[in-house]
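For reference, work-v6.txt is printed below; it contains compact mmCIF, C-alpha atoms and all ligand atoms.
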```txt
# COMPACT_ATOMS: atom_id res chain seq x y z
CA MET A 1 -1.35 7.74 11.36
CA LYS A 2 -4.37 10.04 11.54
CA ASN A 3 -6.43 10.65 8.44
CA TYR A 4 -8.23 13.77 7.45
CA PHE A 5 -11.15 12.08 5.74
CA LEU A 6 -12.62 12.91 2.37
CA HIS A 7 -14.13 10.16 0.25
CA PRO A 8 -11.97 9.13 -2.76
CA ASP A 9 -14.83 10.02 -5.16
CA SER A 10 -14.89 13.55 -3.73
CA ILE A 11 -11.11 13.81 -4.03
CA ARG A 12 -11.31 12.68 -7.65
CA SER A 13 -14.01 15.15 -8.62
CA LEU A 14 -12.15 17.90 -6.74
CA PHE A 15 -9.10 17.33 -8.97
CA ASP A 16 -11.28 16.86 -12.08
CA ASN A 17 -12.67 20.35 -11.43
CA ILE A 18 -9.42 22.18 -10.74
CA ALA A 19 -7.35 20.47 -13.48
CA PRO A 20 -7.52 23.45 -15.90
CA THR A 21 -6.01 25.89 -13.38
CA TYR A 22 -3.95 23.40 -11.32
CA ASP A 23 -0.47 24.24 -12.68
CA PHE A 24 -1.00 27.98 -12.74
CA LEU A 25 -2.31 28.03 -9.17
CA ASN A 26 0.41 25.71 -7.89
CA HIS A 27 3.12 28.05 -9.10
CA LEU A 28 1.27 31.17 -7.95
CA LEU A 29 0.25 29.98 -4.49
CA SER A 30 3.66 28.51 -3.69
CA LEU A 31 5.53 31.47 -5.22
CA ARG A 32 7.07 28.92 -7.60
CA ARG A 33 8.61 26.97 -4.70
CA ASP A 34 6.76 23.87 -5.94
CA LEU A 35 9.19 23.63 -8.88
CA TYR A 36 12.16 23.61 -6.52
CA TRP A 37 10.53 21.07 -4.18
CA ARG A 38 9.90 18.62 -7.02
CA LYS A 39 13.43 19.13 -8.33
CA MET A 40 14.87 18.32 -4.89
CA ALA A 41 12.63 15.26 -4.52
CA VAL A 42 13.71 13.90 -7.90
CA GLN A 43 17.37 14.47 -6.97
CA GLU A 44 16.79 11.88 -4.22
CA LEU A 45 16.81 9.27 -6.99
CA ASN A 46 20.58 9.83 -6.99
CA GLY A 47 21.18 9.07 -10.64
CA LEU A 48 19.12 5.88 -10.52
CA LYS A 49 18.35 4.47 -13.98
CA GLY A 50 15.48 2.43 -15.37
CA TRP A 51 11.70 2.56 -15.01
CA ILE A 52 10.23 4.89 -12.41
CA LEU A 53 6.59 4.89 -11.38
CA ASP A 54 5.07 8.24 -10.40
CA ILE A 55 1.86 7.76 -8.43
CA ALA A 56 -0.78 10.54 -8.23
CA THR A 57 1.15 12.06 -11.09
CA GLY A 58 -1.47 14.78 -11.68
CA THR A 59 -0.41 17.00 -14.55
CA GLY A 60 2.92 15.16 -14.81
CA ASP A 61 5.45 17.63 -13.39
CA VAL A 62 7.38 15.03 -11.39
CA ALA A 63 7.42 12.64 -14.35
CA ILE A 64 8.82 15.39 -16.57
CA GLU A 65 11.43 16.38 -13.95
CA ILE A 66 12.58 12.74 -13.65
CA ILE A 67 13.37 12.69 -17.37
CA HIS A 68 14.76 16.22 -17.30
CA GLN A 69 17.40 15.15 -14.72
CA ASN A 70 18.47 12.06 -16.70
CA ASP A 71 16.95 11.89 -20.15
CA ARG A 72 19.00 8.99 -21.53
CA GLN A 73 18.62 6.26 -18.95
CA ARG A 74 15.14 6.65 -17.51
CA LYS A 75 11.56 5.98 -18.44
CA VAL A 76 8.57 7.03 -16.41
CA TYR A 77 5.10 5.64 -15.94
CA GLY A 78 2.67 8.13 -14.43
CA LEU A 79 -0.58 7.04 -12.83
CA ASP A 80 -3.54 9.02 -11.52
CA PHE A 81 -7.26 8.46 -11.02
CA SER A 82 -8.38 11.84 -12.40
CA GLU A 83 -8.87 11.79 -16.16
CA PRO A 84 -8.69 15.59 -16.66
CA MET A 85 -5.37 15.71 -14.74
CA ILE A 86 -3.91 12.88 -16.86
CA LYS A 87 -5.17 14.56 -20.02
CA ARG A 88 -3.20 17.69 -19.19
CA ALA A 89 -0.14 15.59 -18.33
CA ARG A 90 -0.31 13.89 -21.74
CA GLN A 91 -0.67 17.23 -23.50
CA LYS A 92 2.41 18.66 -21.71
CA VAL A 93 4.50 15.60 -22.46
CA PHE A 94 3.45 15.71 -26.12
CA GLU A 95 4.36 19.40 -26.36
CA LYS A 96 7.76 18.69 -24.80
CA ASN A 97 8.33 15.82 -27.21
CA LEU A 98 8.72 13.33 -24.34
CA SER A 99 6.04 10.84 -25.37
CA LYS A 100 8.67 8.14 -25.97
CA THR A 101 9.97 8.28 -22.41
CA ILE A 102 6.83 9.04 -20.37
CA ALA A 103 3.58 7.09 -20.45
CA PHE A 104 0.45 7.77 -18.42
CA SER A 105 -2.56 5.78 -17.42
CA LEU A 106 -5.60 6.02 -15.22
CA GLY A 107 -5.43 3.97 -12.06
CA ASP A 108 -5.89 3.82 -8.32
CA ALA A 109 -2.90 4.19 -6.01
CA LEU A 110 -4.50 1.65 -3.67
CA SER A 111 -4.49 -1.13 -6.22
CA LEU A 112 -1.66 -0.66 -8.69
CA PRO A 113 -2.13 -2.51 -11.97
CA PHE A 114 1.47 -3.82 -12.00
CA ARG A 115 3.26 -7.02 -11.01
CA ASP A 116 5.55 -7.23 -7.98
CA ASN A 117 9.16 -6.02 -8.44
CA THR A 118 8.55 -4.23 -11.75
CA PHE A 119 9.98 -0.72 -11.28
CA ASP A 120 13.33 0.64 -10.10
CA ALA A 121 11.73 3.31 -7.91
CA SER A 122 8.36 4.87 -7.13
CA THR A 123 7.54 8.47 -6.31
CA ILE A 124 4.52 10.39 -5.06
CA ALA A 125 4.34 14.19 -4.76
CA PHE A 126 1.56 15.97 -2.87
CA GLY A 127 -0.60 12.90 -3.32
CA LEU A 128 -0.31 10.83 -0.15
CA ARG A 129 -2.03 13.53 1.91
CA ASN A 130 -5.19 13.02 -0.14
CA ILE A 131 -5.25 9.25 0.23
CA VAL A 132 -7.13 7.95 3.25
CA LYS A 133 -5.41 4.55 3.35
CA LYS A 134 -1.87 5.88 3.33
CA GLU A 135 -0.18 2.67 4.47
CA GLN A 136 -2.01 0.76 1.72
CA ALA A 137 -0.74 3.22 -0.92
CA LEU A 138 2.81 2.94 0.46
CA PHE A 139 2.51 -0.84 0.59
CA GLU A 140 1.59 -0.83 -3.12
CA MET A 141 4.51 1.49 -3.97
CA VAL A 142 6.86 -0.94 -2.21
CA ARG A 143 5.30 -4.04 -3.78
CA VAL A 144 5.83 -2.90 -7.38
CA ILE A 145 9.49 -1.85 -7.01
CA LYS A 146 12.50 -4.14 -7.17
CA ARG A 147 14.57 -5.02 -4.11
CA GLY A 148 16.98 -2.20 -3.35
CA GLY A 149 14.67 0.28 -5.12
CA LYS A 150 13.61 3.59 -3.59
CA VAL A 151 10.28 5.06 -2.54
CA ILE A 152 10.22 8.86 -2.47
CA VAL A 153 7.42 10.93 -0.97
CA LEU A 154 7.17 14.72 -1.32
CA GLU A 155 4.50 16.23 0.88
CA PHE A 156 3.42 19.35 2.71
CA THR A 157 4.26 19.12 6.39
CA LEU A 158 3.45 21.32 9.32
CA PRO A 159 6.59 23.30 10.29
CA GLU A 160 7.63 22.47 13.85
CA LYS A 161 9.03 25.83 14.94
CA GLY A 162 10.20 29.27 13.85
CA LEU A 163 8.62 31.91 11.65
CA MET A 164 7.12 29.38 9.24
CA ARG A 165 5.28 27.67 12.12
CA ARG A 166 3.43 30.97 12.75
CA LEU A 167 3.00 32.11 9.13
CA PHE A 168 1.97 28.77 7.67
CA PRO A 169 -1.52 28.44 9.26
CA VAL A 170 -2.36 32.09 8.50
CA TYR A 171 -1.39 31.74 4.87
CA PHE A 172 -3.01 28.33 4.43
CA GLN A 173 -6.28 29.21 6.17
CA ARG A 174 -6.84 32.82 5.19
CA ILE A 175 -5.04 33.66 1.95
CA LEU A 176 -4.80 30.43 -0.02
CA PRO A 177 -8.51 29.42 0.03
CA ARG A 178 -9.60 32.90 -1.13
CA LEU A 179 -7.04 33.24 -3.90
CA GLY A 180 -7.36 29.59 -5.01
CA GLY A 181 -11.16 29.75 -4.93
CA LEU A 182 -11.27 32.99 -6.87
CA ILE A 183 -9.03 31.82 -9.70
CA SER A 184 -10.15 28.18 -9.98
CA GLY A 185 -13.82 28.94 -9.32
CA ASP A 186 -13.81 26.08 -6.78
CA ARG A 187 -13.67 27.47 -3.25
CA GLY A 188 -14.32 24.07 -1.74
CA ALA A 189 -11.18 22.58 -3.25
CA TYR A 190 -8.96 25.30 -1.92
CA ALA A 191 -10.61 25.20 1.49
CA TYR A 192 -9.92 21.46 1.63
CA LEU A 193 -6.20 21.86 0.90
CA PRO A 194 -5.33 23.75 4.12
CA GLU A 195 -7.50 21.39 6.16
CA SER A 196 -5.73 18.38 4.73
CA VAL A 197 -2.35 19.88 5.60
CA LEU A 198 -3.15 21.37 8.98
CA HIS A 199 -4.82 18.20 10.21
CA PHE A 200 -1.87 16.35 9.05
CA ALA A 201 1.43 15.40 9.56
CA SER A 202 4.99 15.88 10.47
CA ALA A 203 7.80 14.26 8.51
CA GLU A 204 8.14 11.81 11.45
CA ASN A 205 4.56 10.58 10.87
CA TYR A 206 5.43 9.83 7.26
CA GLU A 207 8.70 8.17 8.28
CA GLU A 208 6.78 5.94 10.68
CA ALA A 209 4.30 4.94 7.98
CA MET A 210 7.16 4.11 5.62
CA ARG A 211 8.87 1.92 8.19
CA SER A 212 5.56 0.17 8.89
CA VAL A 213 5.46 -1.10 5.30
CA GLY A 214 8.97 -2.53 5.62
CA LEU A 215 11.10 0.20 4.07
CA GLU A 216 14.68 0.52 5.31
CA SER A 217 17.07 3.48 5.63
CA VAL A 218 14.08 5.80 6.02
CA GLY A 219 14.93 9.48 6.37
CA SER A 220 13.59 12.92 5.58
CA GLN A 221 14.72 16.29 4.36
CA SER A 222 12.94 19.47 5.35
CA LEU A 223 12.32 22.13 2.67
CA THR A 224 11.56 25.86 2.98
CA GLY A 225 11.43 26.00 6.77
CA GLY A 226 9.53 22.72 7.04
CA ILE A 227 6.53 23.64 4.82
CA ALA A 228 7.35 20.61 2.70
CA SER A 229 9.44 17.49 3.26
CA ILE A 230 10.97 14.73 1.21
CA ILE A 231 10.72 11.36 2.90
CA SER A 232 12.47 8.38 1.37
CA GLY A 233 13.21 4.74 2.05
CA MET A 234 14.65 1.64 0.42
CA LYS A 235 13.05 -1.76 -0.23
CA LYS A 236 14.95 -4.54 1.52
CA CYS A 237 17.54 -6.26 -0.70
C1 LIG B 301 -2.13 17.62 -5.37
S1 LIG B 301 -2.18 16.62 -6.80
C2 LIG B 301 -0.46 16.27 -7.06
C3 LIG B 301 -0.12 16.09 -8.52
C4 LIG B 301 1.36 15.99 -8.86
N1 LIG B 301 1.98 14.84 -8.25
C5 LIG B 301 2.11 17.25 -8.49
O1 LIG B 301 3.21 17.15 -7.96
O2 LIG B 301 1.63 18.34 -8.82
C6 LIG B 301 -2.78 15.09 -6.15
C7 LIG B 301 -3.14 14.08 -7.23
O3 LIG B 301 -3.39 12.82 -6.60
C8 LIG B 301 -4.40 12.16 -7.33
N2 LIG B 301 -4.95 11.11 -6.46
C9 LIG B 301 -5.51 11.25 -5.25
N3 LIG B 301 -5.88 10.05 -4.75
C10 LIG B 301 -5.54 9.12 -5.69
C11 LIG B 301 -5.66 7.70 -5.78
N4 LIG B 301 -6.22 6.99 -4.80
N5 LIG B 301 -5.20 7.08 -6.87
C12 LIG B 301 -4.63 7.79 -7.88
N6 LIG B 301 -4.50 9.14 -7.88
C13 LIG B 301 -4.94 9.80 -6.79
C14 LIG B 301 -5.36 13.29 -7.71
O4 LIG B 301 -6.20 12.95 -8.78
C15 LIG B 301 -4.39 14.42 -8.04
O5 LIG B 301 -4.07 14.46 -9.40
```
For the file at hand, write its structure as structure tokens.
Amino acid sequence: MKNYFLHPDSIRSLFDNIAPTYDFLNHLLSLRRDLYWRKMAVQELNGLKGWILDIATGTGDVAIEIIHQNDRQRKVYGLDFSEPMIKRARQKVFEKNLSKTIAFSLGDALSLPFRDNTFDASTIAFGLRNIVKKEQALFEMVRVIKRGGKVIVLEFTLPEKGLMRRLFPVYFQRILPRLGGLISGDRGAYAYLPESVLHFASAENYEEAMRSVGLESVGSQSLTGGIASIISGMKKC
């Protein structure tokens, strides 16, 4: 798989800087589609119970959605390497009175601080794109889940055809960096986002990477004309 390279320290400070406006801009720039995409990705858990690990959890929206869809039988552990992002996640979870079911900690997706076969599933939303060693991150997500558990990836993908194929680069290269830069005050961050998407990948690339780390029953679901995709797989029983 190709990588659009940015050093992990730069990625971390990029997210440290945009943490205060991250949620607002996500909803604005995606016209609130991001909420629907996360909801659909979490539905892929198919009623699965137990402990779920959300990698690159950011401000915690996937973690919160996981509990929202099944509040009695799930617990979530969210992990991210940006302290300001995690701080906002903790604040949201506290305000929603979910501190008993969701815990967060700082950590690197490339070296998860958990034993093998600990969780029932692992998820990552809009995070894998930013990680240079994607197979290593996927390998870690597989290592820490139990046999038969699921790995779910939600990521921007380049639409293959149709109207979205033509609109997507225009929006991502012209509109998004200006609007994102203006509101967050960090033009660089919102210029990086389109680059990281446009230099990247189709759902098939992600499927391939997931198979390469030994996942089975790998498949994907295209969302909103292919702008985003959910790619999932199962750890061998
Ligand atoms: C675009 S945000 C996605 C946040 C959240 N999952 C969401 O759906 O909004 C990407 C997140 O990945 C985190 N991240 C990037 N590389 C990481 C790594 N190697 N280890 C842990 N977190 C990482 C960043 O700090 C950032 O919070």
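Closest to ligand LIG 301 (chain B) among A:Arg165, A:Lys100, A:Lys236, A:Lys133 is A:Lys133, based on only C-alpha atoms and all ligand atoms.
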How close does each residue of chain A get to ligand LIG 301 (chain B), giving the shortest atom pair and distance in Å to one decimal for every residue with an atom at most 7 Å away, counting all atoms listed in the file, sorted by chain and residue number, as JSON lines?
```
{"residue": "A:Pro8", "atom": "CA", "partner": "B:LIG301", "partner_atom": "N4", "distance": 6.5}
{"residue": "A:Ile11", "atom": "CA", "partner": "B:LIG301", "partner_atom": "C9", "distance": 6.3}
{"residue": "A:Arg12", "atom": "CA", "partner": "B:LIG301", "partner_atom": "O4", "distance": 5.2}
{"residue": "A:Phe15", "atom": "CA", "partner": "B:LIG301", "partner_atom": "O4", "distance": 5.3}
{"residue": "A:Arg38", "atom": "CA", "partner": "B:LIG301", "partner_atom": "O1", "distance": 6.9}
{"residue": "A:Ile55", "atom": "CA", "partner": "B:LIG301", "partner_atom": "C12", "distance": 6.5}
{"residue": "A:Ala56", "atom": "CA", "partner": "B:LIG301", "partner_atom": "O3", "distance": 3.8}
{"residue": "A:Thr57", "atom": "CA", "partner": "B:LIG301", "partner_atom": "N1", "distance": 4.1}
{"residue": "A:Gly58", "atom": "CA", "partner": "B:LIG301", "partner_atom": "O5", "distance": 3.5}
{"residue": "A:Thr59", "atom": "CA", "partner": "B:LIG301", "partner_atom": "C4", "distance": 6.0}
{"residue": "A:Gly60", "atom": "CA", "partner": "B:LIG301", "partner_atom": "C4", "distance": 6.2}
{"residue": "A:Asp61", "atom": "CA", "partner": "B:LIG301", "partner_atom": "O1", "distance": 5.9}
{"residue": "A:Val62", "atom": "CA", "partner": "B:LIG301", "partner_atom": "O1", "distance": 5.8}
{"residue": "A:Leu79", "atom": "CA", "partner": "B:LIG301", "partner_atom": "C12", "distance": 6.4}
{"residue": "A:Asp80", "atom": "CA", "partner": "B:LIG301", "partner_atom": "N6", "distance": 3.8}
{"residue": "A:Phe81", "atom": "CA", "partner": "B:LIG301", "partner_atom": "C12", "distance": 4.2}
{"residue": "A:Ser82", "atom": "CA", "partner": "B:LIG301", "partner_atom": "O4", "distance": 4.4}
{"residue": "A:Met85", "atom": "CA", "partner": "B:LIG301", "partner_atom": "O5", "distance": 5.6}
{"residue": "A:Gly107", "atom": "CA", "partner": "B:LIG301", "partner_atom": "C12", "distance": 5.7}
{"residue": "A:Asp108", "atom": "CA", "partner": "B:LIG301", "partner_atom": "N5", "distance": 3.6}
{"residue": "A:Ala109", "atom": "CA", "partner": "B:LIG301", "partner_atom": "N5", "distance": 3.8}
{"residue": "A:Leu110", "atom": "CA", "partner": "B:LIG301", "partner_atom": "N4", "distance": 5.7}
{"residue": "A:Ile124", "atom": "CA", "partner": "B:LIG301", "partner_atom": "N1", "distance": 6.0}
{"residue": "A:Ala125", "atom": "CA", "partner": "B:LIG301", "partner_atom": "N1", "distance": 4.3}
{"residue": "A:Phe126", "atom": "CA", "partner": "B:LIG301", "partner_atom": "C2", "distance": 4.7}
{"residue": "A:Gly127", "atom": "CA", "partner": "B:LIG301", "partner_atom": "C6", "distance": 4.2}
{"residue": "A:Asn130", "atom": "CA", "partner": "B:LIG301", "partner_atom": "C9", "distance": 5.4}
{"residue": "A:Ile131", "atom": "CA", "partner": "B:LIG301", "partner_atom": "N3", "distance": 5.1}
```
Could you build a table of the residues in range 99-176 of chain A lying no more than 7 Å from range 214-235 of chain A, giving for each the nearest pair of atoms and their separation in Å rounded to one decimal place, using all atoms listed in the file, ordered by chain and ascending residue number, as a Markdown table?
```
| residue | atom | partner | partner_atom | distance |
| --- | --- | --- | --- | --- |
| A:Val142 | CA | A:Lys235 | CA | 6.6 |
| A:Arg147 | CA | A:Lys235 | CA | 5.3 |
| A:Gly148 | CA | A:Lys235 | CA | 5.0 |
| A:Gly149 | CA | A:Lys235 | CA | 5.5 |
| A:Lys150 | CA | A:Met234 | CA | 4.6 |
| A:Val151 | CA | A:Gly233 | CA | 5.5 |
| A:Ile152 | CA | A:Ser232 | CA | 4.5 |
| A:Val153 | CA | A:Ile231 | CA | 5.1 |
| A:Leu154 | CA | A:Ile230 | CA | 4.6 |
| A:Glu155 | CA | A:Ala228 | CA | 5.5 |
| A:Phe156 | CA | A:Ala228 | CA | 4.1 |
| A:Thr157 | CA | A:Ala228 | CA | 5.0 |
| A:Leu158 | CA | A:Ile227 | CA | 5.9 |
| A:Pro159 | CA | A:Gly226 | CA | 4.4 |
| A:Met164 | CA | A:Gly225 | CA | 6.0 |
```
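Here CA of Leu163 in chain A stands at a distance of 16.8 Å from CA of Ile175 in chain A.
Note that CA of Lys146 in chain A and CA of Asp34 in chain A are 28.6 Å apart.
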- Note on the structure: Residue with the minimum atom-to-atom distance to Ser13 in chain A, picked from A:Phe139, A:His27, A:Tyr36, A:Pro84 with all atoms listed in the file counted, is A:Pro84
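Closest approach to Ala189 in chain A from the set A:Tyr22, A:Phe119, A:Tyr171, A:Phe114 is made by A:Tyr22, with distances taken over only C-alpha atoms.
Distances here use only C-alpha atoms; by that measure, the residue among A:Ser184, A:Ser212, A:Gln69, A:Asn205 closest to Leu28 in chain A is A:Ser184.
Of note, CA of Ser122 in chain A and CA of Ile145 in chain A are spaced 6.8 Å apart.
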